[in-house]
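What follows is target_3.cif (mmCIF, C-alpha atoms).
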```
data_model
loop_
_atom_site.label_atom_id
_atom_site.label_comp_id
_atom_site.auth_asym_id
_atom_site.auth_seq_id
_atom_site.Cartn_x
_atom_site.Cartn_y
_atom_site.Cartn_z
CA MET A 1070 -283.26 -82.65 152.20
CA VAL A 1071 -281.20 -79.59 152.74
CA ASP A 1072 -279.34 -81.22 155.61
CA THR A 1073 -278.50 -84.18 153.37
CA VAL A 1074 -277.06 -81.93 150.66
CA VAL A 1075 -274.99 -80.02 153.19
CA THR A 1076 -273.74 -83.26 154.64
CA LEU A 1077 -272.66 -84.49 151.20
CA VAL A 1078 -270.86 -81.25 150.42
CA VAL A 1079 -269.02 -81.36 153.71
CA LEU A 1080 -268.09 -84.96 153.10
CA VAL A 1081 -266.72 -84.16 149.65
CA LEU A 1082 -264.70 -81.28 151.03
CA VAL A 1083 -263.28 -83.51 153.73
CA VAL A 1084 -262.28 -86.10 151.13
CA LEU A 1085 -260.64 -83.47 148.94
CA PHE A 1086 -258.80 -82.06 151.93
CA ALA A 1087 -257.60 -85.51 152.89
CA VAL A 1088 -256.38 -86.14 149.36
CA ALA A 1089 -254.53 -82.83 149.33
CA VAL A 1090 -252.96 -83.61 152.67
CA ILE A 1091 -251.87 -87.00 151.46
CA VAL A 1092 -250.41 -85.52 148.25
CA ARG A 1093 -248.50 -82.92 150.24
CA THR A 1094 -247.35 -85.50 152.76
CA ILE A 1095 -246.01 -88.21 150.41
CA ARG A 1096 -243.14 -87.27 148.04
CA ILE A 1097 -241.45 -89.73 145.64
CA VAL A 1098 -238.09 -88.54 144.29
CA PRO A 1099 -236.85 -90.19 141.07
CA GLN A 1100 -233.31 -91.51 140.61
CA ALA A 1101 -230.54 -88.97 139.79
CA SER A 1102 -232.63 -86.14 141.18
CA ALA A 1103 -232.66 -84.11 144.37
CA VAL A 1104 -235.53 -82.16 145.96
CA ILE A 1105 -234.94 -79.06 148.06
CA VAL A 1106 -237.46 -78.82 150.96
CA GLU A 1107 -238.15 -75.61 152.90
CA ARG A 1108 -239.96 -75.46 156.23
CA LEU A 1109 -241.74 -72.24 156.91
CA GLY A 1110 -239.65 -70.48 154.25
CA ARG A 1111 -236.25 -71.75 155.39
CA TYR A 1112 -234.10 -74.53 153.99
CA SER A 1113 -234.94 -77.77 155.73
CA ARG A 1114 -233.30 -80.65 153.89
CA SER A 1115 -232.52 -82.19 150.50
CA LEU A 1116 -234.43 -85.29 149.53
CA ASP A 1117 -232.62 -88.07 147.67
CA ALA A 1118 -234.19 -90.72 145.43
CA GLY A 1119 -236.98 -92.69 147.13
CA LEU A 1120 -240.16 -92.21 149.19
CA HIS A 1121 -240.30 -89.31 151.64
CA PHE A 1122 -242.97 -87.83 153.92
CA LEU A 1123 -243.49 -84.13 154.42
CA VAL A 1124 -245.44 -82.12 156.94
CA PRO A 1125 -248.44 -80.72 155.10
CA PHE A 1126 -248.69 -76.96 154.88
CA ILE A 1127 -245.39 -76.59 156.74
CA ASP A 1128 -242.86 -78.25 154.43
CA LYS A 1129 -242.65 -76.95 150.88
CA VAL A 1130 -240.72 -78.20 147.86
CA ARG A 1131 -238.51 -75.34 146.62
CA ALA A 1132 -236.79 -76.91 143.59
CA THR A 1133 -235.99 -80.21 141.92
CA VAL A 1134 -232.39 -80.47 140.72
CA ASP A 1135 -231.32 -82.92 138.00
CA LEU A 1136 -228.01 -84.47 139.08
CA ARG A 1137 -227.11 -85.93 135.68
CA GLU A 1138 -224.40 -84.47 133.43
CA GLN A 1139 -225.91 -81.98 131.06
CA VAL A 1140 -224.85 -80.38 127.82
CA VAL A 1141 -225.58 -76.83 126.84
CA SER A 1142 -224.61 -75.16 123.56
CA PHE A 1143 -224.22 -71.42 123.54
CA PRO A 1144 -224.86 -69.25 120.45
CA PRO A 1145 -221.87 -67.99 118.45
CA GLN A 1146 -219.87 -65.24 120.10
CA THR A 1147 -217.74 -62.68 118.27
CA VAL A 1148 -214.18 -62.54 119.58
CA ILE A 1149 -211.29 -60.30 118.47
CA THR A 1150 -207.88 -61.92 118.16
CA SER A 1151 -204.54 -60.27 118.88
CA ASP A 1152 -204.08 -59.47 115.15
CA ASN A 1153 -207.41 -57.55 115.13
CA LEU A 1154 -209.48 -60.17 113.32
CA VAL A 1155 -213.07 -60.84 114.34
CA VAL A 1156 -213.91 -64.53 114.61
CA SER A 1157 -217.13 -66.25 115.56
CA ILE A 1158 -216.80 -69.08 118.11
CA ASP A 1159 -219.44 -71.62 119.14
CA THR A 1160 -218.98 -73.20 122.57
CA VAL A 1161 -220.31 -76.39 124.14
CA ILE A 1162 -220.26 -76.89 127.94
CA TYR A 1163 -220.58 -80.23 129.76
CA TYR A 1164 -221.52 -79.65 133.41
CA GLN A 1165 -223.03 -81.56 136.34
CA PRO A 1166 -224.63 -80.31 139.59
CA THR A 1167 -222.86 -81.75 142.62
CA ASP A 1168 -224.53 -79.75 145.43
CA PRO A 1169 -228.30 -79.19 144.97
CA LYS A 1170 -228.48 -76.73 147.86
CA ALA A 1171 -225.68 -74.51 146.47
CA ALA A 1172 -227.09 -74.74 142.95
CA THR A 1173 -230.42 -73.52 144.30
CA TYR A 1174 -229.41 -70.83 146.79
CA GLU A 1175 -225.95 -69.63 145.70
CA ILE A 1176 -227.00 -68.41 142.23
CA ALA A 1177 -230.31 -67.61 140.68
CA ASP A 1178 -229.69 -69.07 137.19
CA TYR A 1179 -226.50 -71.04 136.90
CA ILE A 1180 -227.03 -71.75 133.16
CA GLN A 1181 -226.96 -68.05 132.30
CA ALA A 1182 -224.07 -67.50 134.69
CA ILE A 1183 -222.03 -70.23 132.99
CA GLU A 1184 -222.80 -68.75 129.57
CA GLN A 1185 -221.66 -65.26 130.48
CA LEU A 1186 -218.59 -66.55 132.26
CA THR A 1187 -217.70 -68.63 129.20
CA VAL A 1188 -218.02 -65.64 126.87
CA THR A 1189 -215.84 -63.34 128.99
CA THR A 1190 -213.21 -66.03 129.59
CA LEU A 1191 -213.17 -66.92 125.91
CA ARG A 1192 -212.55 -63.31 124.92
CA ASN A 1193 -209.72 -63.03 127.39
CA VAL A 1194 -208.06 -66.24 126.18
CA VAL A 1195 -208.51 -65.69 122.44
CA GLY A 1196 -207.59 -62.01 122.72
CA SER A 1197 -204.02 -63.02 123.55
CA LEU A 1198 -203.70 -65.28 120.48
CA ASP A 1199 -203.54 -64.54 116.77
CA LEU A 1200 -205.75 -66.20 114.20
CA GLU A 1201 -203.36 -69.02 113.35
CA GLN A 1202 -202.79 -69.85 117.01
CA THR A 1203 -206.53 -69.74 117.63
CA LEU A 1204 -207.18 -72.22 114.85
CA THR A 1205 -204.41 -74.59 115.92
CA SER A 1206 -204.65 -74.31 119.74
CA ARG A 1207 -208.11 -75.60 120.50
CA ASP A 1208 -206.90 -77.94 123.22
CA GLN A 1209 -205.09 -75.09 124.95
CA ILE A 1210 -208.18 -72.85 124.79
CA ASN A 1211 -210.42 -75.66 126.04
CA GLY A 1212 -208.11 -76.33 128.97
CA GLN A 1213 -207.98 -72.68 130.00
CA LEU A 1214 -211.75 -72.28 129.73
CA ARG A 1215 -212.40 -75.40 131.79
CA GLY A 1216 -209.99 -74.29 134.50
CA VAL A 1217 -211.58 -70.83 134.86
CA LEU A 1218 -215.16 -72.15 134.74
CA ASP A 1219 -214.48 -74.97 137.19
CA ASP A 1220 -213.02 -72.55 139.73
CA ALA A 1221 -215.94 -70.12 139.41
CA THR A 1222 -218.73 -72.69 139.41
CA GLY A 1223 -217.34 -74.75 142.29
CA ARG A 1224 -219.01 -72.57 144.89
CA TRP A 1225 -222.27 -72.81 142.94
CA GLY A 1226 -222.36 -76.56 143.35
CA ILE A 1227 -221.65 -77.05 139.61
CA ARG A 1228 -218.75 -79.04 138.17
CA VAL A 1229 -217.67 -78.25 134.59
CA ASN A 1230 -216.41 -81.50 133.07
CA ARG A 1231 -215.54 -80.40 129.54
CA VAL A 1232 -215.47 -77.30 127.37
CA GLU A 1233 -215.36 -77.69 123.58
CA LEU A 1234 -215.07 -75.14 120.80
CA LYS A 1235 -217.58 -76.37 118.28
CA ALA A 1236 -216.68 -73.96 115.48
CA ILE A 1237 -214.26 -71.12 114.81
CA ASP A 1238 -215.35 -69.07 111.82
CA PRO A 1239 -212.98 -66.32 110.60
CA PRO A 1240 -214.24 -63.57 108.25
CA ALA A 1241 -215.09 -64.47 104.66
CA SER A 1242 -212.12 -62.54 103.26
CA VAL A 1243 -209.75 -64.34 105.61
CA GLN A 1244 -211.29 -67.69 104.67
CA ASP A 1245 -210.74 -66.90 100.99
CA SER A 1246 -207.09 -66.01 101.66
CA MET A 1247 -206.62 -69.17 103.68
CA GLU A 1248 -208.10 -71.28 100.89
CA LYS A 1249 -205.77 -69.64 98.36
CA GLN A 1250 -202.81 -70.23 100.64
CA MET A 1251 -203.80 -73.85 101.14
CA ARG A 1252 -204.27 -74.29 97.39
CA ALA A 1253 -200.84 -72.76 96.73
CA GLU A 1254 -199.28 -75.04 99.34
CA ARG A 1255 -200.87 -78.09 97.75
CA ASP A 1256 -199.69 -76.97 94.30
CA ARG A 1257 -196.19 -76.54 95.69
CA ARG A 1258 -196.24 -80.02 97.19
CA ALA A 1259 -197.53 -81.45 93.93
CA ALA A 1260 -194.74 -79.67 92.01
CA ILE A 1261 -192.17 -81.02 94.45
CA LEU A 1262 -193.54 -84.54 94.09
CA ASN A 1263 -193.50 -84.23 90.29
CA ALA A 1264 -189.91 -82.95 90.39
CA GLU A 1265 -188.90 -85.81 92.66
CA GLY A 1266 -190.54 -88.30 90.32
CA PHE A 1267 -188.83 -86.75 87.28
CA LYS A 1268 -185.52 -86.81 89.15
CA GLN A 1269 -185.93 -90.47 90.03
CA SER A 1270 -186.87 -91.30 86.44
CA GLN A 1271 -183.82 -89.43 85.11
CA ILE A 1272 -181.58 -91.22 87.61
CA LEU A 1273 -183.01 -94.60 86.63
CA THR A 1274 -182.65 -93.73 82.94
CA ALA A 1275 -179.03 -92.65 83.45
CA GLU A 1276 -178.32 -95.82 85.40
CA GLY A 1277 -179.83 -97.88 82.60
CA GLU A 1278 -177.78 -96.04 79.96
CA LYS A 1279 -174.66 -96.44 82.08
CA GLN A 1280 -175.20 -100.18 82.42
CA SER A 1281 -175.99 -100.52 78.72
CA GLN A 1282 -172.81 -98.61 77.77
CA ILE A 1283 -170.79 -100.74 80.16
CA LEU A 1284 -172.25 -103.88 78.62
CA ARG A 1285 -171.60 -102.57 75.10
CA ALA A 1286 -168.03 -101.65 76.07
CA GLU A 1287 -167.51 -105.10 77.56
CA GLY A 1288 -168.93 -106.65 74.40
CA SER A 1289 -166.67 -104.48 72.22
CA ALA A 1290 -163.67 -105.42 74.38
CA GLN A 1291 -164.50 -109.11 74.14
CA ALA A 1292 -165.02 -108.78 70.39
CA ALA A 1293 -161.69 -106.93 70.01
CA ILE A 1294 -159.94 -109.59 72.08
CA LEU A 1295 -161.48 -112.38 70.03
CA ARG A 1296 -160.65 -110.52 66.79
CA ALA A 1297 -157.06 -110.00 67.93
CA GLN A 1298 -156.80 -113.65 68.92
CA GLY A 1299 -158.16 -114.65 65.52
CA GLU A 1300 -155.74 -112.37 63.71
CA ALA A 1301 -152.86 -113.62 65.85
CA ARG A 1302 -153.85 -117.17 65.12
CA ALA A 1303 -154.13 -116.40 61.40
CA ILE A 1304 -150.71 -114.68 61.40
CA THR A 1305 -149.25 -117.63 63.27
CA GLN A 1306 -150.72 -120.07 60.81
CA VAL A 1307 -149.51 -117.99 57.82
CA PHE A 1308 -146.08 -117.66 59.40
CA ASP A 1309 -145.93 -121.40 60.02
CA ALA A 1310 -147.11 -122.12 56.47
CA ILE A 1311 -144.44 -119.81 55.01
CA HIS A 1312 -141.71 -121.45 57.04
CA ARG A 1313 -142.94 -124.89 56.20
CA GLY A 1314 -142.92 -123.90 52.53
CA ASP A 1315 -139.32 -122.60 52.85
CA PRO A 1316 -139.68 -119.63 50.38
CA ASP A 1317 -136.54 -118.55 48.53
CA PRO A 1318 -135.48 -114.90 47.90
CA LYS A 1319 -136.96 -114.95 44.42
CA LEU A 1320 -140.47 -115.48 45.74
CA LEU A 1321 -140.05 -112.82 48.45
CA ALA A 1322 -138.74 -110.28 45.90
CA TYR A 1323 -141.62 -111.03 43.59
CA GLN A 1324 -144.18 -110.55 46.39
CA TYR A 1325 -142.50 -107.27 47.35
CA LEU A 1326 -142.80 -106.02 43.76
CA GLN A 1327 -146.47 -107.02 43.67
CA THR A 1328 -147.13 -105.08 46.88
CA LEU A 1329 -145.64 -101.81 45.59
CA PRO A 1330 -148.63 -100.88 43.34
CA GLN A 1331 -151.00 -101.34 46.28
CA ILE A 1332 -149.02 -98.74 48.23
CA ALA A 1333 -149.74 -96.08 45.58
CA ARG A 1334 -153.36 -97.13 45.10
CA GLY A 1335 -156.13 -94.95 46.53
CA ASP A 1336 -157.70 -91.52 45.95
CA ALA A 1337 -156.03 -90.03 49.02
CA ASN A 1338 -152.49 -90.84 47.86
CA LYS A 1339 -151.45 -87.61 46.14
CA LEU A 1340 -147.74 -87.98 46.88
CA TRP A 1341 -146.00 -91.38 46.71
CA ILE A 1342 -142.57 -91.74 48.29
CA VAL A 1343 -140.49 -94.56 46.83
CA PRO A 1344 -138.83 -96.33 49.77
CA SER A 1345 -135.11 -96.94 49.74
CA GLU A 1346 -135.71 -100.65 50.09
CA LEU A 1347 -137.00 -100.67 46.49
CA ASN A 1348 -133.47 -100.37 45.10
CA ASP A 1349 -132.26 -103.27 47.24
CA ALA A 1350 -135.22 -105.33 46.14
CA LEU A 1351 -134.62 -104.55 42.49
CA LYS A 1352 -130.91 -105.38 42.88
CA GLY A 1353 -131.71 -108.66 44.55
CA PHE A 1354 -134.33 -109.42 41.92
CA GLY A 1355 -131.84 -108.65 39.10
CA ALA A 1356 -129.17 -110.79 40.73
CA MET A 1357 -131.62 -113.67 41.00
CA PHE A 1358 -132.64 -113.14 37.41
CA ASN A 1359 -128.97 -113.35 36.29
CA ALA A 1360 -128.49 -116.41 38.47
CA HIS A 1361 -131.52 -118.05 36.91
CA GLY A 1362 -130.33 -117.39 33.33
CA GLY A 1363 -126.47 -117.56 33.47
CA GLY A 1364 -125.20 -119.93 36.07
CA SER A 1365 -124.91 -120.79 39.65
CA GLY A 1366 -121.88 -118.72 40.61
CA ASP A 1367 -123.84 -116.15 42.61
CA GLY A 1368 -126.09 -118.85 43.95
CA ALA A 1369 -123.04 -120.76 45.20
CA GLN A 1370 -121.62 -117.62 46.66
CA ALA A 1371 -124.93 -116.88 48.38
CA GLY A 1372 -125.07 -120.41 49.63
CA ALA A 1373 -121.57 -120.13 51.00
CA GLY A 1374 -122.07 -116.86 52.81
CA GLY A 1375 -125.70 -117.06 53.98
CA GLY A 1376 -127.11 -118.07 57.31
CA GLN A 1377 -126.30 -117.26 60.88
CA ASP A 1378 -123.73 -118.95 63.14
CA GLY A 1379 -122.02 -120.44 60.08
CA ALA A 1380 -124.97 -122.62 59.15
CA ALA A 1381 -126.09 -122.28 55.55
CA PRO A 1382 -129.84 -121.91 55.08
CA ARG A 1383 -131.55 -124.76 53.40
CA ARG A 1384 -132.79 -123.90 49.88
CA ARG A 1385 -135.20 -125.85 47.86
CA ARG A 1386 -133.65 -126.66 44.50
CA GLU A 1387 -135.43 -126.94 41.20
CA GLY A 1388 -135.51 -130.71 41.17
CA ASP A 1389 -136.87 -131.07 44.75
CA ALA A 1390 -140.47 -132.00 45.34
CA PRO A 1391 -142.68 -129.29 46.92
CA PRO A 1392 -143.57 -129.62 50.66
CA ALA A 1393 -146.68 -131.49 51.66
CA GLY A 1394 -149.84 -129.39 51.25
CA PHE A 1395 -148.16 -126.89 48.82
CA GLU A 1396 -148.17 -126.86 45.03
CA GLU A 1397 -145.33 -125.71 42.84
CA PRO A 1398 -145.75 -121.93 42.41
CA VAL A 1399 -145.93 -120.57 38.89
CA LEU A 1400 -143.99 -117.30 38.79
CA GLU A 1401 -144.47 -114.43 36.36
CA ASP A 1402 -141.66 -113.54 34.01
CA PRO A 1403 -139.25 -111.34 36.04
CA ALA A 1404 -138.61 -108.97 33.15
CA GLU A 1405 -142.34 -108.34 32.65
CA ALA A 1406 -142.90 -107.90 36.37
CA LEU A 1407 -140.01 -105.41 36.54
CA ASN A 1408 -141.31 -103.40 33.59
CA ARG A 1409 -144.84 -103.35 34.99
CA ALA A 1410 -143.59 -102.24 38.42
CA ARG A 1411 -141.51 -99.46 36.83
CA ALA A 1412 -144.50 -98.27 34.77
CA GLU A 1413 -146.77 -98.17 37.86
CA ALA A 1414 -144.06 -96.36 39.85
CA ALA A 1415 -143.66 -93.78 37.06
CA GLY A 1416 -147.42 -93.23 36.89
CA ALA A 1417 -147.60 -92.73 40.65
CA THR A 1418 -144.67 -90.27 40.44
CA ARG A 1419 -146.45 -88.24 37.74
CA ASP A 1420 -149.63 -88.14 39.84
CA ALA A 1421 -147.65 -86.92 42.84
CA GLU A 1422 -145.90 -84.20 40.80
CA GLY A 1423 -149.20 -83.04 39.35
CA ALA A 1424 -150.71 -82.84 42.84
CA THR A 1425 -147.66 -80.87 44.01
CA ARG A 1426 -148.04 -78.34 41.16
CA ARG A 1427 -151.76 -77.91 41.93
CA VAL A 1428 -151.04 -77.32 45.58
CA SER A 1429 -148.24 -74.85 44.74
CA GLY A 1430 -150.54 -72.96 42.39
CA SER A 1431 -153.15 -72.57 45.13
CA GLY A 1432 -150.60 -71.18 47.59
CA GLU A 1433 -150.51 -74.23 49.93
CA VAL A 1434 -147.25 -75.97 50.78
CA PRO A 1435 -147.49 -79.76 50.29
CA ARG A 1436 -146.60 -81.85 53.26
CA GLN A 1437 -144.09 -84.58 52.40
CA GLU A 1438 -143.63 -87.73 54.32
CA GLY A 1439 -140.33 -89.59 54.34
#
```
What does this structure look like when you write it as structure tokens?
Amino acid sequence: MVDTVVTLVVLVLVVLFAVAVIVRTIRIVPQASAVIVERLGRYSRSLDAGLHFLVPFIDKVRATVDLREQVVSFPPQTVITSDNLVVSIDTVIYYQPTDPKAATYEIADYIQAIEQLTVTTLRNVVGSLDLEQTLTSRDQINGQLRGVLDDATGRWGIRVNRVELKAIDPPASVQDSMEKQMRAERDRRAAILNAEGFKQSQILTAEGEKQSQILRAEGSAQAAILRAQGEARAITQVFDAIHRGDPDPKLLAYQYLQTLPQIARGDANKLWIVPSELNDALKGFGAMFNAHGGGSGDGAQAGAGGGQDGAAPRRRREGDAPPAGFEEPVLEDPAEALNRARAEAAGATRDAEGATRRVSGSGEVPRQEG
């Protein structure tokens, strides 16, 4: 019984030993990984992905290195810029082991080494820049960091692919000043845009007023031209009608006497100057009046001496029929017309003399026209 139990125990121990030997002998390495194997404490070889066999109790697995690209984010680091401002910078490193043996034996902890190297390099780079350059030169800082880290980690079997500055946080007071500056800049741009819009609106308004004034001026010019053409046509028609009617000197003298009161009419006419032609008109009118009442001696004399180039002007006699389209004019008595004209002339003369006395009494010298 005792021998049986001992035999079973020995058998179990042999099985366990065999299992341990098998486990230590067979080694399966996953893809994108590398296994560092030591033999009797010294580096033996690096195992790639696949099935490998080791010598039990002689070969030992030192480390398993992940060959994939990895990302590590470091905590914020305080950095002083060249203008003595303290900023907090977060950094992100993208690295990849390329030599498992160097990554295992050349440095004890390459993650910590990369972190410290990043901090020192970052302080050196940012220390030569001011705050504005630090905020606007991220690509430059990233390039310098990557170059320094790649050179230092190359002998460690680590390749730094990218370095990114995740955040750059200036002090709160500086952030407040920057926000005020940005707000002022935006207000300035808005004011400029408003001024430009107002300027454009004023220009468009002025252009519209200019075009409207040009159109109104053109309309006024066209209206004046049409009015002048109408007046010219009316004058031409009146002139033609007068010549077709063949007026005699009696009618012209009568119309002249009827026009004289209109010359003195109006509130602004304080001084009325009697033209010298009035005497000639009155003489001609008196001569025609004598010719109408006493005979035809003057009329014959006028007929003999009138006209240009020796041709006597044609006069319409009392027995002739009026021209076509004209009726026989009915004239006012010449004596009454002469008396009325003299009375109106005398009244205008009295008004002018009274205005002259009023002006002289006030100390002003009347201006006479002649």
Centre, x/y/z edge lengths, axis-aligned box for range 1182-1200 of chain A with 5 Å per side, as AutoDock Vina command-line options:
```
--center_x -213.8 --center_y -66.1 --center_z 124.4 --size_x 30.5 --size_y 18.2 --size_z 30.5
```
Which polymer residues have any atom within 6 Å of an atom of Thr1094 in chain A, counting all atoms listed in the file, with same-chain residues fewer than 3 positions away left out, as a list of chain:residue names? A:Val1090, A:Ile1091, A:Phe1122, A:Leu1123, A:Val1124, A:Pro1125
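Ranking A:Ala1101, A:Ile1176, A:Gln1146, A:Val1161 by their shortest atom-to-atom distance to Thr1189 in chain A, with only C-alpha atoms included, puts A:Gln1146 first.
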Given the PyMOL selection byres ((chain A and resi 1131-1140) around 10) and the file above, list the residues it selects as a PDB file with C-alpha atoms, in the frame of the given file.
```pdb
ATOM      1  CA  VAL A1098    -238.090 -88.540 144.290  1.00  0.00           C
ATOM      2  CA  PRO A1099    -236.850 -90.190 141.070  1.00  0.00           C
ATOM      3  CA  GLN A1100    -233.310 -91.510 140.610  1.00  0.00           C
ATOM      4  CA  ALA A1101    -230.540 -88.970 139.790  1.00  0.00           C
ATOM      5  CA  SER A1102    -232.630 -86.140 141.180  1.00  0.00           C
ATOM      6  CA  ALA A1103    -232.660 -84.110 144.370  1.00  0.00           C
ATOM      7  CA  VAL A1104    -235.530 -82.160 145.960  1.00  0.00           C
ATOM      8  CA  ILE A1105    -234.940 -79.060 148.060  1.00  0.00           C
ATOM      9  CA  VAL A1106    -237.460 -78.820 150.960  1.00  0.00           C
ATOM     10  CA  GLU A1107    -238.150 -75.610 152.900  1.00  0.00           C
ATOM     11  CA  ARG A1108    -239.960 -75.460 156.230  1.00  0.00           C
ATOM     12  CA  GLY A1110    -239.650 -70.480 154.250  1.00  0.00           C
ATOM     13  CA  ARG A1111    -236.250 -71.750 155.390  1.00  0.00           C
ATOM     14  CA  TYR A1112    -234.100 -74.530 153.990  1.00  0.00           C
ATOM     15  CA  SER A1115    -232.520 -82.190 150.500  1.00  0.00           C
ATOM     16  CA  LEU A1116    -234.430 -85.290 149.530  1.00  0.00           C
ATOM     17  CA  ASP A1128    -242.860 -78.250 154.430  1.00  0.00           C
ATOM     18  CA  LYS A1129    -242.650 -76.950 150.880  1.00  0.00           C
ATOM     19  CA  VAL A1130    -240.720 -78.200 147.860  1.00  0.00           C
ATOM     20  CA  VAL A1141    -225.580 -76.830 126.840  1.00  0.00           C
ATOM     21  CA  SER A1142    -224.610 -75.160 123.560  1.00  0.00           C
ATOM     22  CA  PHE A1143    -224.220 -71.420 123.540  1.00  0.00           C
ATOM     23  CA  VAL A1161    -220.310 -76.390 124.140  1.00  0.00           C
ATOM     24  CA  ILE A1162    -220.260 -76.890 127.940  1.00  0.00           C
ATOM     25  CA  TYR A1163    -220.580 -80.230 129.760  1.00  0.00           C
ATOM     26  CA  TYR A1164    -221.520 -79.650 133.410  1.00  0.00           C
ATOM     27  CA  GLN A1165    -223.030 -81.560 136.340  1.00  0.00           C
ATOM     28  CA  PRO A1166    -224.630 -80.310 139.590  1.00  0.00           C
ATOM     29  CA  THR A1167    -222.860 -81.750 142.620  1.00  0.00           C
ATOM     30  CA  ASP A1168    -224.530 -79.750 145.430  1.00  0.00           C
ATOM     31  CA  PRO A1169    -228.300 -79.190 144.970  1.00  0.00           C
ATOM     32  CA  LYS A1170    -228.480 -76.730 147.860  1.00  0.00           C
ATOM     33  CA  ALA A1172    -227.090 -74.740 142.950  1.00  0.00           C
ATOM     34  CA  THR A1173    -230.420 -73.520 144.300  1.00  0.00           C
ATOM     35  CA  ILE A1227    -221.650 -77.050 139.610  1.00  0.00           C
ATOM     36  CA  ARG A1228    -218.750 -79.040 138.170  1.00  0.00           C
ATOM     37  CA  VAL A1229    -217.670 -78.250 134.590  1.00  0.00           C
ATOM     38  CA  ASN A1230    -216.410 -81.500 133.070  1.00  0.00           C
ATOM     39  CA  ARG A1231    -215.540 -80.400 129.540  1.00  0.00           C
ATOM     40  CA  VAL A1232    -215.470 -77.300 127.370  1.00  0.00           C
TER      41      VAL A1232
END
```
CA of Val1074 in chain A sits from CA of Val1092 in chain A at a separation of 27.0 Å
Problem - CA of Thr1150 in chain A to CA of Gln1209 in chain A, straight-line distance in Å - result: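 So the answer is 15.1 Å.
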Requested in this report: Can you turn the PyMOL selection byres ((chain A and resi 1191) around 9) into a concrete residue list for this file, as a VMD selection string?
Outcome: chain A and resid 1148 1158 1186 to 1190 1192 to 1196 1210 1213 to 1214
Could you jot down the CA of Pro1145 in chain A to CA of Ile1183 in chain A separation for me, Å, one decimal place?
->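 Between CA of Pro1145 in chain A and CA of Ile1183 in chain A the gap is 14.7 Å.
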Evaluated on this file, the PyMOL selection byres ((chain A and resi 1221-1225) around 6) picks out some residues - which ones are they, written as a PyMOL selection string? chain A and resi 1171-1172+1175+1218-1220+1226-1227
- prompt: Pick from A:Glu1278, A:Asp1245, A:Glu1265, A:Glu1233: nearest to Arg1207 in chain A, with all atoms listed in the file counted?
  reply: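 Looking only at the distances to Arg1207 in chain A, the closest residue turns out to be A:Glu1233.
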Quiz item: Could you name the residues that touch Ser1157 in chain A at 10 Å or less, counting only C-alpha atoms, but leaving out those on the same chain fewer than 5 positions away, as an NGL selection string?
Solution: :A and (1144-1149 or 1236-1240)
